[in-house]
Amino acid sequence: MLRALAVLAVLVGTPASAQEIAIKPSIDARLRYEHVDQADLPRSADALTLRLRPGIIAEHGPWSALVEGEAVAALVDRYNDGLNMRPGYPTVPDPENIELNRLQLRYAGPNVTATAGRQRITLADDRFVAAAPWRQSEQTFDAARVQLGKGAAPRLDLSYAWSVRTVYGRDGYGARPTSIGGDNLFALASIGGPRATLSAFAYLVDQDAAAVQNFALSSQTWGLRANGKLPLARDLSLTYTATAARQSDWHRNPNDYAATYALAEAVLGRGGWTAGLGGELLGADRGIALTSVQAPLGAAFKFNGWAGKFATTPPDGVRDYYATLGHSWKQVGAFGSIALTAAGHHFTSDRLVHPYGDELDLLVLAKRGPFQFSARWAHYLADGFAADTDKFWLEIDWLR
């Protein structure tokens, strides 16, 4: 990676090409207040955090080099960030942090894109491999990635990641380290367009750190996915997703297991309205810890409710049945758009079908120029699993 950056620096520095270099700064800022009230803990959490992500990109023809930093400050820190030893508070895994977020070299040709260095990798619906963008310090990968093909033609996306930079930042330690090494291999092959895309994937996750669950999060997941959007009538459409996969142990995982993953979702859209139904299965094997489907590199916040009760899948697995309803408006007063969303979840275990509770999630989102304003609420009612939990967020995002 350093050798490749040096070659690019020489290219950029030559007088003949100096006028062809485009330098673009970027800034991404997020101010978030998060409140957590959890029934089994004596204190409530209050976290007011500010995230700044400045960067600069140099472009020369199909080549580009990106450097991006990341800084997180806790303006109000009455919470357990996972590192600060405050067990009486609910966990909000947003510790203070200053680090290099991305350092990458990219070639983007007509039918091939290659990226090397510290980068974001998000695949399919983010379930198994993603940047975990909800957390203030995102998850990035020290990796080499090649993407072949575009549009409706067959496409292939291959990545090898030798290190995963976690959301705990530069001060991470123990079971919540700064980074986790390993030979991670991701492959996604797709064909099709907007109405129907068919994909096959293989995600080989190597969590090669004894302090992180004694290697038990290393797994291989092989599966198929179909998704698309179908016009049904005038101003009426159906967006659908269906995924089926099988996960088993890999590399140094001490467990011998195999479990099934499945997801089915359908969303009707008309005008500014959307209404959806879905179900997700994170299957279990024998009811032993970490022998159910796990997704340690996925974007956990997007799945199984915003209260975050199932970021680590329980030994008996999870079945999540959910419904969504939303409406959006364009150009409302000074705002470019306003959207309301509600989602309800009913959780049970996969093995033995124990009740796991219910959750209601509500979101108000408004955009104005480069600013995005949001308010969220998650209300989880426990039933034989975890504890009653309420979470509330206020957030302002600014992207330039």
# chains A, B, ... in the order shown; residues from 1 in each chain; ligands from 1

call {"tool": "residues_around", "arguments": {"residues": "range 299-304 of chain A", "least_positions_apart": "5", "cutoff": "8 Å", "atoms": "only C-alpha atoms", "output": "PyMOL selection string"}}
result
chain A and resi 126-134+309-311+320+345

call {"tool": "select_by_dssp", "arguments": {"residues": "range 105-327 of chain A", "states": "strand (DSSP E)", "output": "mmCIF file with C-alpha atoms, in the first residue's frame"}}
result
data_model
loop_
_atom_site.group_PDB
_atom_site.id
_atom_site.type_symbol
_atom_site.label_atom_id
_atom_site.label_comp_id
_atom_site.auth_asym_id
_atom_site.auth_seq_id
_atom_site.Cartn_x
_atom_site.Cartn_y
_atom_site.Cartn_z
ATOM 1 C CA LEU A 105 -5.473 4.159 -3.243
ATOM 2 C CA ARG A 106 -8.100 3.471 -5.929
ATOM 3 C CA TYR A 107 -8.173 2.774 -9.635
ATOM 4 C CA ALA A 108 -11.606 3.179 -11.265
ATOM 5 C CA VAL A 112 -12.862 -2.624 -13.048
ATOM 6 C CA THR A 113 -12.377 -0.827 -9.741
ATOM 7 C CA ALA A 114 -9.489 -1.744 -7.447
ATOM 8 C CA THR A 115 -8.963 -0.323 -3.947
ATOM 9 C CA ALA A 116 -6.065 -0.949 -1.566
ATOM 10 C CA GLY A 117 -5.544 0.276 1.986
ATOM 11 C CA ARG A 118 -7.804 1.221 4.881
ATOM 12 C CA GLN A 119 -11.289 1.504 3.419
ATOM 13 C CA THR A 140 -13.124 0.009 8.431
ATOM 14 C CA PHE A 141 -11.001 -2.654 6.778
ATOM 15 C CA ASP A 142 -7.305 -2.877 5.938
ATOM 16 C CA ALA A 143 -7.913 -4.670 2.668
ATOM 17 C CA ALA A 144 -7.476 -5.146 -1.047
ATOM 18 C CA ARG A 145 -10.688 -5.120 -3.091
ATOM 19 C CA VAL A 146 -11.445 -5.673 -6.779
ATOM 20 C CA GLN A 147 -14.848 -5.006 -8.387
ATOM 21 C CA LEU A 148 -15.448 -6.266 -11.919
ATOM 22 C CA ARG A 155 -20.510 -8.382 -11.580
ATOM 23 C CA LEU A 156 -17.907 -9.785 -9.208
ATOM 24 C CA ASP A 157 -16.765 -8.194 -5.955
ATOM 25 C CA LEU A 158 -13.737 -9.773 -4.233
ATOM 26 C CA SER A 159 -12.032 -8.589 -1.034
ATOM 27 C CA TYR A 160 -9.226 -9.805 1.195
ATOM 28 C CA ALA A 161 -9.034 -8.019 4.565
ATOM 29 C CA TRP A 162 -6.140 -8.708 6.917
ATOM 30 C CA SER A 163 -7.353 -6.396 9.690
ATOM 31 C CA VAL A 164 -10.685 -4.964 10.858
ATOM 32 C CA ARG A 165 -10.610 -1.597 12.661
ATOM 33 C CA SER A 179 -8.378 -3.923 15.560
ATOM 34 C CA ILE A 180 -8.788 -7.623 14.905
ATOM 35 C CA GLY A 181 -6.425 -9.410 12.553
ATOM 36 C CA GLY A 182 -7.257 -12.390 10.381
ATOM 37 C CA ASP A 183 -7.598 -13.707 6.858
ATOM 38 C CA ASN A 184 -11.051 -12.407 5.907
ATOM 39 C CA LEU A 185 -12.308 -13.285 2.423
ATOM 40 C CA PHE A 186 -15.478 -11.782 0.907
ATOM 41 C CA ALA A 187 -16.935 -12.684 -2.494
ATOM 42 C CA LEU A 188 -20.170 -11.416 -4.047
ATOM 43 C CA ALA A 189 -21.262 -12.308 -7.605
ATOM 44 C CA SER A 190 -24.350 -10.602 -9.064
ATOM 45 C CA ILE A 191 -26.313 -10.317 -12.291
ATOM 46 C CA GLY A 192 -29.378 -8.260 -13.181
ATOM 47 C CA THR A 197 -30.814 -8.875 -9.165
ATOM 48 C CA LEU A 198 -29.583 -12.361 -8.335
ATOM 49 C CA SER A 199 -26.497 -12.752 -6.168
ATOM 50 C CA ALA A 200 -24.348 -15.502 -4.716
ATOM 51 C CA PHE A 201 -22.041 -14.749 -1.816
ATOM 52 C CA ALA A 202 -19.369 -16.228 0.415
ATOM 53 C CA TYR A 203 -18.242 -14.384 3.549
ATOM 54 C CA LEU A 204 -15.309 -16.024 5.340
ATOM 55 C CA VAL A 205 -14.814 -14.129 8.584
ATOM 56 C CA SER A 219 -17.337 -18.360 10.429
ATOM 57 C CA GLN A 220 -18.069 -19.070 6.782
ATOM 58 C CA THR A 221 -21.421 -18.015 5.313
ATOM 59 C CA TRP A 222 -22.470 -19.167 1.846
ATOM 60 C CA GLY A 223 -25.746 -18.059 0.318
ATOM 61 C CA LEU A 224 -28.023 -16.698 -2.395
ATOM 62 C CA ARG A 225 -29.932 -13.424 -2.578
ATOM 63 C CA ALA A 226 -32.615 -11.958 -4.851
ATOM 64 C CA ASN A 227 -33.819 -8.366 -4.730
ATOM 65 C CA GLY A 228 -35.443 -5.781 -6.946
ATOM 66 C CA LYS A 229 -38.325 -3.379 -7.546
ATOM 67 C CA LEU A 230 -41.398 -4.223 -9.615
ATOM 68 C CA PRO A 231 -43.981 -1.747 -10.970
ATOM 69 C CA LEU A 232 -47.451 -3.113 -10.168
ATOM 70 C CA ALA A 233 -49.743 -0.304 -11.313
ATOM 71 C CA LEU A 236 -47.588 1.535 -7.137
ATOM 72 C CA SER A 237 -44.453 -0.591 -6.788
ATOM 73 C CA LEU A 238 -43.179 -3.614 -4.882
ATOM 74 C CA THR A 239 -39.647 -3.737 -3.495
ATOM 75 C CA TYR A 240 -38.558 -7.212 -2.432
ATOM 76 C CA THR A 241 -35.604 -9.053 -0.916
ATOM 77 C CA ALA A 242 -35.084 -12.762 -0.275
ATOM 78 C CA THR A 243 -31.909 -14.311 1.158
ATOM 79 C CA ALA A 244 -31.014 -17.866 2.131
ATOM 80 C CA ALA A 245 -27.640 -18.902 3.546
ATOM 81 C CA ARG A 246 -25.838 -21.478 5.615
ATOM 82 C CA GLN A 247 -23.214 -20.570 8.204
ATOM 83 C CA SER A 248 -20.658 -22.857 9.836
ATOM 84 C CA ASP A 249 -17.408 -22.656 11.798
ATOM 85 C CA ALA A 258 -23.937 -25.237 11.165
ATOM 86 C CA ALA A 259 -26.965 -22.931 11.186
ATOM 87 C CA THR A 260 -29.382 -21.437 8.677
ATOM 88 C CA TYR A 261 -29.929 -17.781 7.828
ATOM 89 C CA ALA A 262 -32.983 -16.521 5.925
ATOM 90 C CA LEU A 263 -34.639 -13.198 5.196
ATOM 91 C CA ALA A 264 -37.786 -12.318 3.265
ATOM 92 C CA GLU A 265 -39.125 -8.788 2.908
ATOM 93 C CA ALA A 266 -41.719 -7.057 0.728
ATOM 94 C CA VAL A 267 -42.454 -3.303 0.707
ATOM 95 C CA LEU A 268 -45.289 -1.638 -1.200
ATOM 96 C CA GLY A 269 -44.760 1.957 -2.261
ATOM 97 C CA ARG A 270 -47.276 4.469 -3.561
ATOM 98 C CA TRP A 273 -46.251 6.002 1.347
ATOM 99 C CA THR A 274 -44.475 2.718 2.079
ATOM 100 C CA ALA A 275 -45.763 -0.354 3.923
ATOM 101 C CA GLY A 276 -43.763 -3.499 4.441
ATOM 102 C CA LEU A 277 -43.727 -6.958 6.000
ATOM 103 C CA GLY A 278 -40.677 -9.087 6.657
ATOM 104 C CA GLY A 279 -39.090 -11.855 8.605
ATOM 105 C CA GLU A 280 -35.493 -12.725 9.422
ATOM 106 C CA LEU A 281 -34.114 -15.989 10.795
ATOM 107 C CA LEU A 282 -30.769 -16.247 12.526
ATOM 108 C CA VAL A 318 -33.613 -15.366 16.710
ATOM 109 C CA ARG A 319 -36.744 -15.091 14.600
ATOM 110 C CA ASP A 320 -37.685 -11.485 13.901
ATOM 111 C CA TYR A 321 -41.133 -10.806 12.390
ATOM 112 C CA TYR A 322 -41.595 -7.138 11.528
ATOM 113 C CA ALA A 323 -43.843 -4.595 9.839
ATOM 114 C CA THR A 324 -43.013 -1.071 8.670
ATOM 115 C CA LEU A 325 -45.023 1.990 7.700
ATOM 116 C CA GLY A 326 -43.669 5.274 6.397
ATOM 117 C CA HIS A 327 -44.537 8.503 4.635
#

call {"tool": "closest_residue", "arguments": {"among": "A:Ile23, A:Ile121, A:Leu48, A:Leu100", "to": "Phe392 in chain A", "atoms": "only C-alpha atoms"}}
result
A:Leu48

call {"tool": "residues_around", "arguments": {"residues": "His354 in chain A", "least_positions_apart": "3", "cutoff": "9 Å", "atoms": "only C-alpha atoms", "output": "PDB file with C-alpha atoms, in the first residue's frame"}}
result
ATOM      1  CA  ASP A 316     -31.098 -20.527  20.518  1.00  0.00           C
ATOM      2  CA  PHE A 347     -39.018 -11.688  18.502  1.00  0.00           C
ATOM      3  CA  THR A 348     -38.810 -15.381  19.354  1.00  0.00           C
ATOM      4  CA  SER A 349     -35.968 -17.865  19.526  1.00  0.00           C
ATOM      5  CA  ASP A 350     -35.408 -20.203  16.590  1.00  0.00           C
ATOM      6  CA  ARG A 351     -34.712 -23.306  18.641  1.00  0.00           C
ATOM      7  CA  ASP A 383     -40.364 -11.390  27.478  1.00  0.00           C
ATOM      8  CA  GLY A 384     -38.025 -14.012  28.867  1.00  0.00           C
ATOM      9  CA  PHE A 385     -34.953 -12.393  27.316  1.00  0.00           C
TER      10      PHE A 385
END

call {"tool": "residues_around", "arguments": {"residues": "Gly336 in chain A", "least_positions_apart": "5", "cutoff": "12 Å", "atoms": "only C-alpha atoms", "output": "list of chain:residue names"}}
result
A:Ser328, A:Trp329, A:Lys330, A:Gln331, A:Leu365, A:Ala366, A:Lys367, A:Arg368, A:Gly369, A:Pro370, A:Phe371, A:Gln372, A:Phe373

call {"tool": "write_last_selection", "arguments": {"atoms": "C-alpha atoms", "output": "CSV table (one decimal), in the first residue's frame"}}
result
chain,number,residue,atom,x,y,z
A,328,SER,CA,-42.4,11.2,3.1
A,329,TRP,CA,-43.0,14.7,1.8
A,330,LYS,CA,-40.8,16.9,-0.5
A,331,GLN,CA,-40.3,20.6,0.0
A,365,LEU,CA,-36.1,12.7,9.5
A,366,ALA,CA,-35.8,16.1,7.9
A,367,LYS,CA,-33.3,17.4,5.4
A,368,ARG,CA,-32.3,20.9,4.5
A,369,GLY,CA,-29.3,21.6,2.3
A,370,PRO,CA,-26.2,19.8,3.6
A,371,PHE,CA,-28.0,19.2,7.0
A,372,GLN,CA,-30.0,16.2,8.2
A,373,PHE,CA,-32.0,16.3,11.4

call {"tool": "residues_around", "arguments": {"residues": "Asn80 in chain A", "least_positions_apart": "6", "cutoff": "6 Å", "atoms": "only C-alpha atoms", "output": "ChimeraX atom specification"}}
result
/A:86,89-92

call {"tool": "write_last_selection", "arguments": {"atoms": "C-alpha atoms", "output": "short mmCIF file (atom, residue, chain, number, x, y, z; two decimals), in the first residue's frame"}}
result
data_model
loop_
_atom_site.label_atom_id
_atom_site.label_comp_id
_atom_site.auth_asym_id
_atom_site.auth_seq_id
_atom_site.Cartn_x
_atom_site.Cartn_y
_atom_site.Cartn_z
CA ARG A 86 -18.80 2.22 34.22
CA TYR A 89 -24.66 2.61 33.12
CA PRO A 90 -26.11 1.20 29.89
CA THR A 91 -23.59 0.79 27.09
CA VAL A 92 -23.27 3.37 24.33
#

call {"tool": "residues_around", "arguments": {"residues": "Leu360 in chain A", "least_positions_apart": "3", "cutoff": "12 Å", "atoms": "only C-alpha atoms", "output": "list in words"}}
result
Asn304, Gly305, Trp306, Ala307, Tyr322, Ala323, Thr324, Leu325, Thr341, Ala342, Ala343, Gly344, His345, His346, Phe347, Gly357, Leu363, Arg376, Trp377, Ala378, His379, Tyr380, Leu381, Ala382, Asp388, Thr389, Asp390, Lys391 and Phe392 of chain A

call {"tool": "decode", "arguments": {"residues": "range 87-187 of chain A", "atoms": "C-alpha atoms", "output": "PDB file, in the first residue's frame"}}
result
ATOM      1  CA  PRO A  87     -20.845  -0.960  34.695  1.00  0.00           C
ATOM      2  CA  GLY A  88     -23.802   0.811  36.347  1.00  0.00           C
ATOM      3  CA  TYR A  89     -24.659   2.615  33.123  1.00  0.00           C
ATOM      4  CA  PRO A  90     -26.108   1.200  29.894  1.00  0.00           C
ATOM      5  CA  THR A  91     -23.592   0.788  27.089  1.00  0.00           C
ATOM      6  CA  VAL A  92     -23.274   3.367  24.327  1.00  0.00           C
ATOM      7  CA  PRO A  93     -20.229   2.125  22.353  1.00  0.00           C
ATOM      8  CA  ASP A  94     -18.989   5.574  21.293  1.00  0.00           C
ATOM      9  CA  PRO A  95     -15.708   6.173  23.160  1.00  0.00           C
ATOM     10  CA  GLU A  96     -13.666   9.308  22.579  1.00  0.00           C
ATOM     11  CA  ASN A  97     -11.267   8.721  19.739  1.00  0.00           C
ATOM     12  CA  ILE A  98      -8.774  10.266  17.329  1.00  0.00           C
ATOM     13  CA  GLU A  99      -7.524   8.032  14.541  1.00  0.00           C
ATOM     14  CA  LEU A 100      -6.856   7.543  10.860  1.00  0.00           C
ATOM     15  CA  ASN A 101     -10.167   6.361   9.466  1.00  0.00           C
ATOM     16  CA  ARG A 102      -9.268   5.739   5.817  1.00  0.00           C
ATOM     17  CA  LEU A 103      -6.064   5.718   3.762  1.00  0.00           C
ATOM     18  CA  GLN A 104      -6.641   4.225   0.344  1.00  0.00           C
ATOM     19  CA  LEU A 105      -5.473   4.159  -3.243  1.00  0.00           C
ATOM     20  CA  ARG A 106      -8.100   3.471  -5.929  1.00  0.00           C
ATOM     21  CA  TYR A 107      -8.173   2.774  -9.635  1.00  0.00           C
ATOM     22  CA  ALA A 108     -11.606   3.179 -11.265  1.00  0.00           C
ATOM     23  CA  GLY A 109     -11.671   2.040 -14.896  1.00  0.00           C
ATOM     24  CA  PRO A 110     -14.640   1.394 -17.205  1.00  0.00           C
ATOM     25  CA  ASN A 111     -15.223  -2.174 -15.970  1.00  0.00           C
ATOM     26  CA  VAL A 112     -12.862  -2.624 -13.048  1.00  0.00           C
ATOM     27  CA  THR A 113     -12.377  -0.827  -9.741  1.00  0.00           C
ATOM     28  CA  ALA A 114      -9.489  -1.744  -7.447  1.00  0.00           C
ATOM     29  CA  THR A 115      -8.963  -0.323  -3.947  1.00  0.00           C
ATOM     30  CA  ALA A 116      -6.065  -0.949  -1.566  1.00  0.00           C
ATOM     31  CA  GLY A 117      -5.544   0.276   1.986  1.00  0.00           C
ATOM     32  CA  ARG A 118      -7.804   1.221   4.881  1.00  0.00           C
ATOM     33  CA  GLN A 119     -11.289   1.504   3.419  1.00  0.00           C
ATOM     34  CA  ARG A 120     -15.026   1.040   3.804  1.00  0.00           C
ATOM     35  CA  ILE A 121     -16.478  -2.228   2.551  1.00  0.00           C
ATOM     36  CA  THR A 122     -20.249  -2.673   2.393  1.00  0.00           C
ATOM     37  CA  LEU A 123     -21.739  -5.703   0.671  1.00  0.00           C
ATOM     38  CA  ALA A 124     -25.353  -6.459  -0.347  1.00  0.00           C
ATOM     39  CA  ASP A 125     -27.710  -5.294   2.436  1.00  0.00           C
ATOM     40  CA  ASP A 126     -24.900  -4.794   5.045  1.00  0.00           C
ATOM     41  CA  ARG A 127     -26.035  -7.852   7.008  1.00  0.00           C
ATOM     42  CA  PHE A 128     -22.672  -9.633   7.132  1.00  0.00           C
ATOM     43  CA  VAL A 129     -20.071  -7.123   5.904  1.00  0.00           C
ATOM     44  CA  ALA A 130     -20.415  -3.360   6.396  1.00  0.00           C
ATOM     45  CA  ALA A 131     -18.855  -0.202   7.791  1.00  0.00           C
ATOM     46  CA  ALA A 132     -21.226  -0.114  10.814  1.00  0.00           C
ATOM     47  CA  PRO A 133     -22.020   3.550  10.025  1.00  0.00           C
ATOM     48  CA  TRP A 134     -24.363   4.068  12.973  1.00  0.00           C
ATOM     49  CA  ARG A 135     -21.550   4.236  15.517  1.00  0.00           C
ATOM     50  CA  GLN A 136     -19.562   7.466  15.779  1.00  0.00           C
ATOM     51  CA  SER A 137     -16.295   5.639  15.012  1.00  0.00           C
ATOM     52  CA  GLU A 138     -17.074   3.464  12.023  1.00  0.00           C
ATOM     53  CA  GLN A 139     -15.699   0.028  11.235  1.00  0.00           C
ATOM     54  CA  THR A 140     -13.124   0.009   8.431  1.00  0.00           C
ATOM     55  CA  PHE A 141     -11.001  -2.654   6.778  1.00  0.00           C
ATOM     56  CA  ASP A 142      -7.305  -2.877   5.938  1.00  0.00           C
ATOM     57  CA  ALA A 143      -7.913  -4.670   2.668  1.00  0.00           C
ATOM     58  CA  ALA A 144      -7.476  -5.146  -1.047  1.00  0.00           C
ATOM     59  CA  ARG A 145     -10.688  -5.120  -3.091  1.00  0.00           C
ATOM     60  CA  VAL A 146     -11.445  -5.673  -6.779  1.00  0.00           C
ATOM     61  CA  GLN A 147     -14.848  -5.006  -8.387  1.00  0.00           C
ATOM     62  CA  LEU A 148     -15.448  -6.266 -11.919  1.00  0.00           C
ATOM     63  CA  GLY A 149     -18.382  -5.383 -14.189  1.00  0.00           C
ATOM     64  CA  LYS A 150     -21.104  -2.735 -13.996  1.00  0.00           C
ATOM     65  CA  GLY A 151     -24.809  -2.274 -14.690  1.00  0.00           C
ATOM     66  CA  ALA A 152     -26.883  -5.295 -15.720  1.00  0.00           C
ATOM     67  CA  ALA A 153     -23.812  -7.296 -16.786  1.00  0.00           C
ATOM     68  CA  PRO A 154     -22.393  -9.980 -14.469  1.00  0.00           C
ATOM     69  CA  ARG A 155     -20.510  -8.382 -11.580  1.00  0.00           C
ATOM     70  CA  LEU A 156     -17.907  -9.785  -9.208  1.00  0.00           C
ATOM     71  CA  ASP A 157     -16.765  -8.194  -5.955  1.00  0.00           C
ATOM     72  CA  LEU A 158     -13.737  -9.773  -4.233  1.00  0.00           C
ATOM     73  CA  SER A 159     -12.032  -8.589  -1.034  1.00  0.00           C
ATOM     74  CA  TYR A 160      -9.226  -9.805   1.195  1.00  0.00           C
ATOM     75  CA  ALA A 161      -9.034  -8.019   4.565  1.00  0.00           C
ATOM     76  CA  TRP A 162      -6.140  -8.708   6.917  1.00  0.00           C
ATOM     77  CA  SER A 163      -7.353  -6.396   9.690  1.00  0.00           C
ATOM     78  CA  VAL A 164     -10.685  -4.964  10.858  1.00  0.00           C
ATOM     79  CA  ARG A 165     -10.610  -1.597  12.661  1.00  0.00           C
ATOM     80  CA  THR A 166     -13.358  -1.694  15.279  1.00  0.00           C
ATOM     81  CA  VAL A 167     -15.766   0.979  16.545  1.00  0.00           C
ATOM     82  CA  TYR A 168     -13.775   1.207  19.811  1.00  0.00           C
ATOM     83  CA  GLY A 169     -11.022   3.298  18.237  1.00  0.00           C
ATOM     84  CA  ARG A 170      -7.378   3.650  19.133  1.00  0.00           C
ATOM     85  CA  ASP A 171      -7.883   3.032  22.896  1.00  0.00           C
ATOM     86  CA  GLY A 172      -9.628  -0.313  22.464  1.00  0.00           C
ATOM     87  CA  TYR A 173      -8.324  -3.273  24.448  1.00  0.00           C
ATOM     88  CA  GLY A 174      -9.172  -6.836  25.506  1.00  0.00           C
ATOM     89  CA  ALA A 175     -12.489  -8.088  24.136  1.00  0.00           C
ATOM     90  CA  ARG A 176     -13.060  -4.636  22.571  1.00  0.00           C
ATOM     91  CA  PRO A 177      -9.781  -4.110  20.721  1.00  0.00           C
ATOM     92  CA  THR A 178      -8.673  -1.382  18.356  1.00  0.00           C
ATOM     93  CA  SER A 179      -8.378  -3.923  15.560  1.00  0.00           C
ATOM     94  CA  ILE A 180      -8.788  -7.623  14.905  1.00  0.00           C
ATOM     95  CA  GLY A 181      -6.425  -9.410  12.553  1.00  0.00           C
ATOM     96  CA  GLY A 182      -7.257 -12.390  10.381  1.00  0.00           C
ATOM     97  CA  ASP A 183      -7.598 -13.707   6.858  1.00  0.00           C
ATOM     98  CA  ASN A 184     -11.051 -12.407   5.907  1.00  0.00           C
ATOM     99  CA  LEU A 185     -12.308 -13.285   2.423  1.00  0.00           C
ATOM    100  CA  PHE A 186     -15.478 -11.782   0.907  1.00  0.00           C
ATOM    101  CA  ALA A 187     -16.935 -12.684  -2.494  1.00  0.00           C
TER     102      ALA A 187
END
